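A short worksheet on the structure shown next.
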Amino acid sequence: MLRLDRVAKIYRTEHVETHALSEITLHVREGEFVAMMGPSGSGKTTFLNIAGLLDTFEAGTFHLDGEDVSRLDDVRMSRIRNAKIGFVFQSFNLIPDLNVFDNVDVPLRYRGLGARARREAIEEALEIVGLTSRAKHHPAQLSGGQQQRVAIARALVGRPRLILADEPTGNLDSAMANEILDLLEKINSTGATVVMVTHDPELAQRASRQVHMLDGRVIDLEAERPAPLAAGHSAAARN
Amino acid sequence: MFAYQLRLAWKSLRRNPGLSILSVVGIALGIGVATTFVTTYYMLSGNPIPQKSDRLFYVQLDSWSPERSYDRDRPDAPPDQVTYRDMVEIMKSKIPTHAGGAFKADLTVHPAGDGQKPFRQLVRMCFADFFAMFDVPFQFGSGWDARADAGPEAVIVLDDEINRKLFGGGDSVGRTLRIEDRDFRIVGVLAPWQPLPKFYDVTNDAFDAPEGIFMPFNLVRPLEISTAGNTSNWGDGAGEGFDGFLQSETVWIQMWAQLDDEEQVQSYRAFLDAYANEQKKVGRFQRPLNNRLSPVMTMLKDQGATPEEAVGVLIIAILFLVVCSVNLIGVLLGKFLARAPEVGVRRALGASRRWVFVQHLVECELIAVLGAVLGLGLAALGLELLNRMFEAQFAFRLDLPMVGAGVLLALASGLVAGIYPAYRICRIAPAMYLKTQ
């Protein structure tokens with residue numbers, strides 16, 4: 001699903017060059033649930049931004065779902081993000097003016113779907129995260145856990161094949177964090193690939209593979225080659 | 001998709017009402033001022049009789065002195081009016097569909113009603129053709145006929161204002177009105193009529209109101225009615241006595257002809273040239289042949305009937321609108337950049353830069369439309385204020401083309417103000433705003 005080969009990312013200021021990613025090579029197979037671990041500044045989020053086509057890189061190649069996405073124009077990258085990738089963020093990133101229904105609707109709006117198709121998809125996504133009854137609520141009226149479940153509904157409403165979660169439980173207590181992990185596992189069990197950045201070793205243990213990063217490098221040799229898929233995580237199992 | 005973007009724009013405006021009101025009021029002020037003065041300019045420089053302005057010709061004959069030009073600033077220009085004797089002669093031509101000379105006089109009206117005192121009133125001395133030629137609208141009766149011209153008969157036409165003043169606005173046709181020392185029978189009452197500029201006579205002030213009473217021109221000689229307008233003469237001056245004045249080289253009459261096709265124009269031009277050449281034989285028209293037939297808009301331009309101040313004010317008003325737009329750039333830039341985290345999320349969820357750009361332009365144009373509504377209201381107030389300042393000399397009003405111009409100006413301002421902020425927000429790096437909000 002993800003194939004990064006010798007990808008390098010450098011942040012430059014007038015006087016300083018920071019190597020955020022130092023020619024990392026990382027392959028993630030379709031249907032995997034990968035936990036990315038490492039200290040702050042190790043390059044996890046940079047990796048996630050590149051994997052989500054939200055940031056560019058200086059060297060190397062990146063194949064997403066078999067397609068070379070290293071140098072695409074903005075419109076094409078936006079389409080791929082919309083069609084193939086779902087994002088879950090630490091701080092939920094819901095749009096405060098929009099109610100739950102309209103927040104989940106956002107990615108579908110860029111896909112040009114009709115009202116009925118959108119409504120059905122949104123209702124299905126809200127049912128998966130157990131928030132059907134909260135469709136008309138605004139984010140401020142929800143708990144942190146509920147907001148993150150809305151964010152997950154938004155991430156999965158377009159049926160993406162890749163979920164990128166950046167510390168999705170970072171702002172939640174342990175009970176809520178486990179609920180969110182349950183949801184991510186549920187999504188993964190349908191065949192979607194999940195890549196989750198986390199600092200929590202316990203939660204990382206629930207992933208099918210852990211990848212450790214340090215100073216912009218992948219330090220876990222195991223990460224260089226895909227792990228065998230866990231039972232029920234087959235790509236073919238999705239839909 | 002546009003409906004969705006419009007909905008988002010509306011939500012954005014409601015999110016920060018103070019800033020939104022500031023933006024809308026900023027545009028509204030610009031539109032209010034600009035539309036007020038664009039309307040003023042439009043009405044002052046517009047076509048006062050669009051349905052036939054290209055068929056109405058102002059007639060000029062160069063009967064002026066061979067020793068000096070009539071207009072020092074425009075040495076090639078013939079006099080802007082004609083002499084009485086020339087008018088009488090060229091009125092004999094049957095070529096024009098309508099034709100006639102005219103001038104304004106200042107006469108004393110003696111109202112018949114109790115308690116109404118005599119008053120001075122500007123009167124237009126003209127021929128029967130005046131009303132048909134200039135499409136003058138009537139509410140009661142009509143103009144007089146050629147027989148009344150030939151008589152001449154003591155008949156008059158009143159305008160709406162005088163009719164209200166003297167007869168309460170009722171149908172006064174058939175009643176009489178004493179002017180100077182003679183009774184005149186009223187044959188018609190005009191509907192409100194105020195061409196801007198007053199194209200048929202721009203010799204004093206192109207923006208004067210039309211005269212309140214219209215009277216057959218040929219009463220000039222028996223009643224010895226003098227002009228209250230401009231007179232210019234050379235040679236022996238204005239002559240001795242009233243007949244001497246009429247036979248002098250004094251120019252004081254505005255001459256018009258309606259010529260409906262090119263053939264008519266050519267024929268009438270040939271007629272005028274032939275007349276001028278005949279006059280040369282008897283010692284008049286000693287300057288090179290220089291007769292002119294000018295359509296309405298050409299005449300207005302030649303006579304400088306659009307006040308220069310109007311052009312200056314128009315430029316200042318447009319500059320004011322530009323300043324308002326530029327000021328709005330800063331407001332919008334701050335507002336849009338404050339929304340970068342939301343834009344980052346939308347970009348992550350699939351919005352392209354182009355979509356973000358258009359989304360923000362839609363918001364700018366929504367502000368512009370709201371500004372246009374408020375601004376047009378301000379413009380209507382501004383025009384009313386101008387009308388009061390000039391005591392009904394003008395009747396400035398917002399008509400449909402001016403409302404359209406106001407809306408277009410607003411949309412253009414929204415675009416000018418919005419392009420840079422929309423460009424900036426669509427170029428943000430989404431990754432920067434997703435980690436923390």
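Chain identifiers are assigned as A, B, and so on, following the order in which chains appear in the structure tokens; residues are numbered from 1 within each chain, and ligands are numbered from 1 in order of appearance.
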>> Select, as a VMD selection string, those residues of chain A with any atom no more than 8 Å from chain B (distances computed using only C-alpha atoms).
In response: chain A and resid 49 52 54 to 55 74 to 75 78 to 83 86 to 87 89 to 91 93 95 97 106 to 107 109 to 110 112 166
Once you have the residues from the selection above, write them out as a tab-separated table (two decimals), in the first residue's frame, restricted to C-alpha atoms.
chain	number	residue	atom	x	y	z
A	49	ASN	CA	2.46	14.04	6.23
A	52	GLY	CA	-0.76	11.54	3.34
A	54	LEU	CA	0.35	16.73	2.62
A	55	ASP	CA	4.04	17.47	2.28
A	74	ASP	CA	-1.99	19.63	-6.54
A	75	VAL	CA	-5.26	18.63	-8.15
A	78	SER	CA	-6.01	16.28	-3.67
A	79	ARG	CA	-8.05	13.69	-5.53
A	80	ILE	CA	-5.91	10.85	-4.20
A	81	ARG	CA	-6.14	12.19	-0.66
A	82	ASN	CA	-9.89	12.44	-1.00
A	83	ALA	CA	-10.38	9.01	-2.53
A	86	GLY	CA	-8.55	9.08	5.70
A	87	PHE	CA	-6.93	11.22	8.40
A	89	PHE	CA	-5.62	13.78	14.16
A	90	GLN	CA	-4.64	14.12	17.78
A	91	SER	CA	-6.71	17.26	18.26
A	93	ASN	CA	-9.62	18.90	13.87
A	95	ILE	CA	-14.77	22.27	12.01
A	97	ASP	CA	-19.21	25.76	12.79
A	106	VAL	CA	-16.78	17.41	4.22
A	107	PRO	CA	-14.70	14.83	2.28
A	109	ARG	CA	-18.34	17.30	-0.83
A	110	TYR	CA	-15.05	17.25	-2.74
A	112	GLY	CA	-19.14	15.59	-6.12
A	166	ASP	CA	-1.46	10.94	14.18
>> When you look at range 411-424 of chain B with a cut-off of 7 Å (counting only C-alpha atoms), what residues show up, excluding the ones that are within fewer than 6 positions of it in the same chain? I need them as number ranges by chain.
In response: B: 325-326, 328-329, 332-333, 336, 357, 360-361, 364-365, 368-369
Export, as a PDB file, in the first residue's frame, the selected residues with C-alpha atoms.
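Output contents, as saved in result-v2.pdb:
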ATOM      1  CA  SER B 325     -11.177  47.774  -1.722  1.00  0.00           C
ATOM      2  CA  VAL B 326      -7.500  48.028  -0.848  1.00  0.00           C
ATOM      3  CA  LEU B 328     -10.549  45.458   2.629  1.00  0.00           C
ATOM      4  CA  ILE B 329      -7.564  43.446   1.432  1.00  0.00           C
ATOM      5  CA  LEU B 332      -9.756  39.814   4.533  1.00  0.00           C
ATOM      6  CA  LEU B 333      -6.133  38.716   4.683  1.00  0.00           C
ATOM      7  CA  PHE B 336      -8.580  34.241   6.008  1.00  0.00           C
ATOM      8  CA  PHE B 357      -9.222  29.799  -3.710  1.00  0.00           C
ATOM      9  CA  HIS B 360     -12.696  32.339  -0.444  1.00  0.00           C
ATOM     10  CA  LEU B 361     -13.527  34.387  -3.520  1.00  0.00           C
ATOM     11  CA  CYS B 364     -15.511  38.008  -0.903  1.00  0.00           C
ATOM     12  CA  GLU B 365     -18.259  38.275  -3.481  1.00  0.00           C
ATOM     13  CA  ALA B 368     -19.523  42.525  -2.065  1.00  0.00           C
ATOM     14  CA  VAL B 369     -23.176  41.726  -2.788  1.00  0.00           C
TER      15      VAL B 369
END
>> Taking 5 positions as the minimum chain separation for residues in the same chain, which residues sit within 12 Å of Gly30 in chain B when counting only C-alpha atoms? Answer as a PyMOL selection string.
In response: chain B and resi 23-25+35-38+316-328+368+371-376+378-379+406-407+409-414
>> Using only C-alpha atoms, which protein or nucleic acid residues come within 12 Å of range 7-24 of chain A? Drop anything in the same chain fewer than 3 positions from it, and give the result as a ChimeraX atom specification.
In response: /A:3-4,27,40-51,55-63,70,211-221,223-224
>> Could you list, as a list in words, every residue within 12 Å of Ala117 in chain A, counting only C-alpha atoms and ignoring same-chain residues fewer than 6 positions away?
In response: Asp105, Leu108, Arg109, Arg111, Glu123, Glu124, Val157 and Gly158 of chain A
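The residue that comes closest to Thr176 in chain B, out of B:Pro118, B:Gly151, B:Gly241, B:Pro111 and on the basis of only C-alpha atoms, is B:Pro111.
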> Can you tell me how far CA of Lys104 in chain B sits from CA of Thr227 in chain B, in Å to one decimal?
Replying inline: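 Distance reported for this atom pair: 5.8 Å.
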>> Between CA of Thr203 in chain B and CA of Arg185 in chain B, what is the distance in Å, rounded to a tenth?
In response: 29.3 Å
>> Applying 12 Å and only C-alpha atoms, which residues near Ser143 in chain A remain after dropping the ones on its own chain fewer than 6 positions away? List them as a list in words.
In response: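 Listing them by chain and then by number gives Phe92, Leu131, Arg134, His137, Arg149, Val150, Asn171, Leu172, Asp173 and Met176 of chain A.
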> Excluding same-chain residues fewer than 2 positions from Pro48 in chain B, what lies within 12 Å of it counting only C-alpha atoms, as a count of residues only?
Replying inline: 28
> Would you give me, as a ChimeraX atom specification, the residues in range 246-315 of chain B that DSSP reads as strand (DSSP E or B)?
Replying inline: /B:251-258,292-295
Same residues, C-alpha atoms, saved as a PDB file, in the first residue's frame:
ATOM      1  CA  VAL B 251     -27.119  85.324 -33.190  1.00  0.00           C
ATOM      2  CA  TRP B 252     -29.615  84.359 -30.487  1.00  0.00           C
ATOM      3  CA  ILE B 253     -31.789  81.498 -31.751  1.00  0.00           C
ATOM      4  CA  GLN B 254     -31.217  77.751 -31.370  1.00  0.00           C
ATOM      5  CA  MET B 255     -32.125  76.033 -34.621  1.00  0.00           C
ATOM      6  CA  TRP B 256     -32.990  72.321 -34.843  1.00  0.00           C
ATOM      7  CA  ALA B 257     -34.015  69.975 -37.635  1.00  0.00           C
ATOM      8  CA  GLN B 258     -35.176  66.369 -37.587  1.00  0.00           C
ATOM      9  CA  ARG B 292     -22.807  72.396 -39.463  1.00  0.00           C
ATOM     10  CA  LEU B 293     -25.429  69.790 -38.787  1.00  0.00           C
ATOM     11  CA  SER B 294     -24.582  68.128 -35.482  1.00  0.00           C
ATOM     12  CA  PRO B 295     -26.497  65.216 -33.963  1.00  0.00           C
TER      13      PRO B 295
END
>> According to DSSP computed on the backbone, where in range 1-238 of chain A is there alpha helix (DSSP H)? Give the residues as an NGL selection string.
In response: :A and (44-51 or 74-84 or 100-109 or 115-129 or 144-156 or 174-189 or 201-204)
